[in-house]
>>> print(open('work07.pdb').read())   # PDB, C-alpha atoms, pLDDT in the B column
ATOM      1  CA  MET J 353      -9.175   5.882 150.191  1.00 47.00           C
ATOM      2  CA  THR J 354     -10.924   4.499 153.213  1.00 49.00           C
ATOM      3  CA  HIS J 355     -12.940   1.327 152.783  1.00 49.00           C
ATOM      4  CA  PHE J 356     -16.100   0.541 154.700  1.00 46.00           C
ATOM      5  CA  LEU J 357     -17.824  -2.816 154.683  1.00 46.00           C
ATOM      6  CA  ILE J 358     -21.547  -2.182 154.888  1.00 44.00           C
ATOM      7  CA  SER J 359     -23.689  -5.271 154.699  1.00 45.00           C
ATOM      8  CA  HIS J 360     -21.897  -7.112 151.876  1.00 47.00           C
ATOM      9  CA  PHE J 361     -20.776  -4.057 149.924  1.00 46.00           C
ATOM     10  CA  LEU J 362     -17.328  -2.508 150.036  1.00 46.00           C
ATOM     11  CA  ILE J 363     -17.649   1.264 149.832  1.00 47.00           C
ATOM     12  CA  ASP J 364     -14.689   3.538 149.081  1.00 57.00           C
ATOM     13  CA  LYS J 365     -14.590   6.931 150.772  1.00 65.00           C
ATOM     14  CA  ILE J 366     -12.492   9.539 149.030  1.00 75.00           C
ATOM     15  CA  MET J 367     -10.702  11.657 151.601  1.00 81.00           C
ATOM     16  CA  THR J 368     -11.227  15.382 151.718  1.00 86.00           C
ATOM     17  CA  THR J 369      -8.219  17.514 150.845  1.00 89.00           C
ATOM     18  CA  GLU J 370      -7.735  18.240 154.546  1.00 91.00           C
ATOM     19  CA  GLU J 371      -7.849  14.534 155.478  1.00 91.00           C
ATOM     20  CA  LEU J 372      -5.524  13.687 152.620  1.00 93.00           C
ATOM     21  CA  THR J 373      -2.967  16.317 153.647  1.00 95.00           C
ATOM     22  CA  SER J 374      -3.134  15.154 157.250  1.00 95.00           C
ATOM     23  CA  ASN J 375      -2.591  11.523 156.238  1.00 95.00           C
ATOM     24  CA  VAL J 376       0.320  12.361 153.936  1.00 96.00           C
ATOM     25  CA  LEU J 377       1.944  14.315 156.776  1.00 97.00           C
ATOM     26  CA  LEU J 378       1.441  11.312 159.084  1.00 96.00           C
ATOM     27  CA  ALA J 379       3.151   9.120 156.501  1.00 96.00           C
ATOM     28  CA  LEU J 380       6.098  11.505 156.296  1.00 96.00           C
ATOM     29  CA  ASP J 381       6.309  11.558 160.093  1.00 97.00           C
ATOM     30  CA  GLU J 382       6.533   7.752 160.041  1.00 95.00           C
ATOM     31  CA  ILE J 383       9.493   7.659 157.663  1.00 94.00           C
ATOM     32  CA  ARG J 384      11.258  10.828 158.852  1.00 94.00           C
ATOM     33  CA  PRO J 385      13.220   9.077 161.673  1.00 95.00           C
ATOM     34  CA  PHE J 386      14.792   6.713 159.126  1.00 92.00           C
ATOM     35  CA  LEU J 387      15.814   9.632 156.917  1.00 92.00           C
ATOM     36  CA  ASN J 388      17.049  11.630 159.919  1.00 95.00           C
ATOM     37  CA  SER J 389      19.220   8.727 161.072  1.00 93.00           C
ATOM     38  CA  ASP J 390      21.174   9.053 157.808  1.00 90.00           C
ATOM     39  CA  GLY J 391      21.344  12.860 157.963  1.00 93.00           C
ATOM     40  CA  GLY J 392      18.369  13.478 155.679  1.00 92.00           C
ATOM     41  CA  ASP J 393      14.860  14.821 155.911  1.00 95.00           C
ATOM     42  CA  ILE J 394      11.735  15.321 153.797  1.00 95.00           C
ATOM     43  CA  THR J 395       9.252  18.151 153.319  1.00 96.00           C
ATOM     44  CA  LEU J 396       5.801  18.071 151.748  1.00 97.00           C
ATOM     45  CA  ILE J 397       5.684  20.642 148.941  1.00 97.00           C
ATOM     46  CA  SER J 398       2.238  20.057 147.455  1.00 97.00           C
ATOM     47  CA  ILE J 399      -0.614  17.693 146.717  1.00 96.00           C
ATOM     48  CA  ASP J 400      -2.116  18.290 143.287  1.00 95.00           C
ATOM     49  CA  ASP J 401      -5.571  17.111 142.208  1.00 94.00           C
ATOM     50  CA  ASP J 402      -5.695  15.002 145.404  1.00 91.00           C
ATOM     51  CA  LYS J 403      -3.594  12.408 143.514  1.00 93.00           C
ATOM     52  CA  HIS J 404      -0.050  13.698 143.024  1.00 96.00           C
ATOM     53  CA  VAL J 405       2.358  14.418 145.874  1.00 97.00           C
ATOM     54  CA  THR J 406       5.474  16.531 145.523  1.00 97.00           C
ATOM     55  CA  VAL J 407       8.118  16.304 148.242  1.00 96.00           C
ATOM     56  CA  ARG J 408      11.622  17.631 148.737  1.00 95.00           C
ATOM     57  CA  LEU J 409      14.300  15.262 149.991  1.00 93.00           C
ATOM     58  CA  GLU J 410      16.767  17.290 152.055  1.00 94.00           C
ATOM     59  CA  GLY J 411      20.138  17.051 153.745  1.00 91.00           C
ATOM     60  CA  ALA J 412      22.119  13.901 153.007  1.00 88.00           C
ATOM     61  CA  CYS J 413      19.215  12.591 150.897  1.00 87.00           C
ATOM     62  CA  ILE J 414      20.039  15.112 148.160  1.00 85.00           C
ATOM     63  CA  SER J 415      23.358  13.536 147.258  1.00 86.00           C
ATOM     64  CA  CYS J 416      22.530   9.961 148.258  1.00 83.00           C
ATOM     65  CA  SER J 417      23.038   7.500 145.418  1.00 85.00           C
ATOM     66  CA  VAL J 418      19.897   5.556 146.352  1.00 86.00           C
ATOM     67  CA  ASN J 419      17.515   8.476 146.897  1.00 82.00           C
ATOM     68  CA  GLN J 420      15.235   7.378 144.017  1.00 84.00           C
ATOM     69  CA  MET J 421      14.941   3.930 145.565  1.00 85.00           C
ATOM     70  CA  THR J 422      14.182   5.574 148.922  1.00 84.00           C
ATOM     71  CA  LEU J 423      11.563   7.733 147.233  1.00 84.00           C
ATOM     72  CA  LYS J 424       9.778   4.805 145.570  1.00 86.00           C
ATOM     73  CA  ALA J 425      10.275   1.977 148.056  1.00 86.00           C
ATOM     74  CA  GLY J 426      10.068   4.013 151.243  1.00 90.00           C
ATOM     75  CA  VAL J 427       8.313   7.324 150.749  1.00 93.00           C
ATOM     76  CA  GLU J 428       5.771   6.426 148.072  1.00 94.00           C
ATOM     77  CA  THR J 429       4.863   3.090 149.661  1.00 94.00           C
ATOM     78  CA  THR J 430       4.327   4.706 153.065  1.00 95.00           C
ATOM     79  CA  ILE J 431       2.274   7.576 151.646  1.00 95.00           C
ATOM     80  CA  LYS J 432       0.059   5.136 149.729  1.00 94.00           C
ATOM     81  CA  LYS J 433      -0.473   3.145 152.914  1.00 93.00           C
ATOM     82  CA  TYR J 434      -1.918   6.251 154.581  1.00 93.00           C
ATOM     83  CA  ALA J 435      -3.571   7.695 151.464  1.00 93.00           C
ATOM     84  CA  PRO J 436      -4.296   5.031 148.827  1.00 92.00           C
ATOM     85  CA  GLN J 437      -5.798   7.528 146.380  1.00 92.00           C
ATOM     86  CA  ILE J 438      -2.333   8.990 145.779  1.00 94.00           C
ATOM     87  CA  GLU J 439      -1.055   7.953 142.348  1.00 94.00           C
ATOM     88  CA  THR J 440       2.388   9.548 142.140  1.00 95.00           C
ATOM     89  CA  VAL J 441       5.088  10.857 144.450  1.00 96.00           C
ATOM     90  CA  VAL J 442       7.875  12.979 142.987  1.00 94.00           C
ATOM     91  CA  ASN J 443      10.885  14.735 144.468  1.00 93.00           C
ATOM     92  CA  ILE J 444      11.901  18.248 143.506  1.00 91.00           C
ATOM     93  CA  MET J 445      15.328  19.695 144.090  1.00 81.00           C
TER      94      MET J 445
END
>>> encode(input="work07.pdb", output="structure tokens")
Amino acid sequence: MTHFLISHFLIDKIMTTEELTSNVLLALDEIRPFLNSDGGDITLISIDDDKHVTVRLEGACISCSVNQMTLKAGVETTIKKYAPQIETVVNIM
């Protein structure tokens, strides 16, 4: 959600599906080098109802013992920075 300050009113702009997808992909591009450095990667699978993101952790991330922490603390946080209207991020195998 993009915020605009007009006069003294804060207005939220809901992103279009295209903008949302673009922003989620930018978020994944930001975190990908960190995953790659440990032999992992990530792919966007879907965005449902413009609120729910499904990704696939790949490579070394599949068997990593902290992949759920990476998903929540790294992936979800970064996606929400780029697309605040996202409510959930889940990994599929």
>>> resolve_selection(input="work07.pdb", expression="the PyMOL selection byres ((chain J and resi 433) around 12)", output="list in words")
Met353, Thr354, Leu372, Asn375, Val376, Leu378, Ala379, Leu380, Glu382, Ile383, Ala425, Gly426, Val427, Glu428, Thr429, Thr430, Ile431, Lys432, Tyr434, Ala435, Pro436, Gln437, Ile438 and Glu439 of chain J
>>> atom_distance(input="work07.pdb", atom1="CA of Arg408 in chain J", atom2="CA of Phe386 in chain J")
15.4 Å
>>> closest_residue(input="work07.pdb", among="J:Asp402, J:Ile394, J:Ile444, J:Ser389", to="Thr373 in chain J", atoms="only C-alpha atoms")
J:Asp402
>>> atom_distance(input="work07.pdb", atom1="CA of Asn388 in chain J", atom2="CA of Glu370 in chain J")
26.2 Å
>>> atom_distance(input="work07.pdb", atom1="CA of Cys413 in chain J", atom2="CA of Gly392 in chain J")
4.9 Å
>>> closest_residue(input="work07.pdb", among="J:Asp400, J:Gly411, J:Val442, J:Met421", to="Leu387 in chain J", atoms="all atoms listed in the file")
J:Gly411
>>> closest_residue(input="work07.pdb", among="J:Ser374, J:Met445, J:Ile397, J:Asp381", to="Asn419 in chain J", atoms="all atoms listed in the file")
J:Met445
>>> closest_residue(input="work07.pdb", among="J:Ile366, J:Lys424, J:Ile414, J:Leu377", to="Ser398 in chain J", atoms="all atoms listed in the file")
J:Leu377
>>> axis_aligned_box(input="work07.pdb", around="range 370-382 of chain J", padding_each_side="8 Å", output="AutoDock Vina command-line options")
--center_x -0.7 --center_y 13.0 --center_z 156.4 --size_x 30.4 --size_y 26.5 --size_z 23.5
>>> closest_residue(input="work07.pdb", among="J:Thr369, J:Thr395, J:His404, J:Leu409", to="Thr422 in chain J", atoms="all atoms listed in the file")
J:Leu409
>>> closest_residue(input="work07.pdb", among="J:Gln420, J:Val441, J:Glu410, J:Thr368", to="Asp390 in chain J", atoms="all atoms listed in the file")
J:Glu410
>>> build_atoms(input="work07.pdb", residues="range 385-415 of chain J", atoms="N, CA and C atoms", output="CSV table (one decimal), in the coordinates of the input")
chain,number,residue,atom,x,y,z
J,385,PRO,N,12.1,9.5,160.8
J,385,PRO,CA,13.2,9.1,161.7
J,385,PRO,C,14.3,8.3,160.9
J,386,PHE,N,13.8,7.5,159.9
J,386,PHE,CA,14.8,6.7,159.1
J,386,PHE,C,15.7,7.6,158.3
J,387,LEU,N,15.0,8.7,157.7
J,387,LEU,CA,15.8,9.6,156.9
J,387,LEU,C,16.8,10.4,157.8
J,388,ASN,N,16.2,10.9,159.0
J,388,ASN,CA,17.0,11.6,159.9
J,388,ASN,C,18.3,10.8,160.4
J,389,SER,N,18.1,9.5,160.6
J,389,SER,CA,19.2,8.7,161.1
J,389,SER,C,20.4,8.7,160.1
J,390,ASP,N,20.1,9.0,158.8
J,390,ASP,CA,21.2,9.1,157.8
J,390,ASP,C,21.5,10.5,157.4
J,391,GLY,N,21.0,11.5,158.2
J,391,GLY,CA,21.3,12.9,158.0
J,391,GLY,C,20.4,13.5,156.9
J,392,GLY,N,19.3,12.9,156.7
J,392,GLY,CA,18.4,13.5,155.7
J,392,GLY,C,17.1,13.9,156.3
J,393,ASP,N,16.2,14.4,155.5
J,393,ASP,CA,14.9,14.8,155.9
J,393,ASP,C,14.0,14.9,154.7
J,394,ILE,N,12.7,15.2,154.9
J,394,ILE,CA,11.7,15.3,153.8
J,394,ILE,C,10.7,16.4,154.2
J,395,THR,N,10.3,17.1,153.1
J,395,THR,CA,9.3,18.2,153.3
J,395,THR,C,8.2,18.0,152.3
J,396,LEU,N,6.9,18.1,152.7
J,396,LEU,CA,5.8,18.1,151.7
J,396,LEU,C,5.7,19.4,151.0
J,397,ILE,N,5.8,19.4,149.7
J,397,ILE,CA,5.7,20.6,148.9
J,397,ILE,C,4.2,20.9,148.5
J,398,SER,N,3.6,19.9,147.9
J,398,SER,CA,2.2,20.1,147.5
J,398,SER,C,1.6,18.7,147.2
J,399,ILE,N,0.2,18.8,147.2
J,399,ILE,CA,-0.6,17.7,146.7
J,399,ILE,C,-1.5,18.3,145.6
J,400,ASP,N,-1.4,17.8,144.4
J,400,ASP,CA,-2.1,18.3,143.3
J,400,ASP,C,-3.2,17.3,142.9
J,401,ASP,N,-4.4,17.9,142.7
J,401,ASP,CA,-5.6,17.1,142.2
J,401,ASP,C,-5.9,16.0,143.1
J,402,ASP,N,-5.5,16.1,144.4
J,402,ASP,CA,-5.7,15.0,145.4
J,402,ASP,C,-5.1,13.6,144.9
J,403,LYS,N,-4.2,13.6,144.0
J,403,LYS,CA,-3.6,12.4,143.5
J,403,LYS,C,-2.1,12.4,143.4
J,404,HIS,N,-1.5,13.6,143.3
J,404,HIS,CA,0.0,13.7,143.0
J,404,HIS,C,0.7,14.5,144.1
J,405,VAL,N,1.6,13.8,144.8
J,405,VAL,CA,2.4,14.4,145.9
J,405,VAL,C,3.7,14.8,145.4
J,406,THR,N,4.1,16.0,145.8
J,406,THR,CA,5.5,16.5,145.5
J,406,THR,C,6.1,16.7,146.9
J,407,VAL,N,7.3,16.2,147.0
J,407,VAL,CA,8.1,16.3,148.2
J,407,VAL,C,9.5,16.8,147.9
J,408,ARG,N,10.2,17.3,148.9
J,408,ARG,CA,11.6,17.6,148.7
J,408,ARG,C,12.5,16.8,149.7
J,409,LEU,N,13.3,16.0,149.2
J,409,LEU,CA,14.3,15.3,150.0
J,409,LEU,C,15.4,16.3,150.3
J,410,GLU,N,15.8,16.3,151.6
J,410,GLU,CA,16.8,17.3,152.1
J,410,GLU,C,18.0,16.7,152.8
J,411,GLY,N,19.0,17.5,153.0
J,411,GLY,CA,20.1,17.1,153.7
J,411,GLY,C,20.9,16.0,153.0
J,412,ALA,N,21.3,15.0,153.6
J,412,ALA,CA,22.1,13.9,153.0
J,412,ALA,C,21.3,13.2,151.9
J,413,CYS,N,20.0,13.3,151.9
J,413,CYS,CA,19.2,12.6,150.9
J,413,CYS,C,19.4,13.2,149.5
J,414,ILE,N,19.9,14.4,149.5
J,414,ILE,CA,20.0,15.1,148.2
J,414,ILE,C,21.1,14.4,147.3
J,415,SER,N,22.2,14.1,148.0
J,415,SER,CA,23.4,13.5,147.3
J,415,SER,C,23.5,12.0,147.4
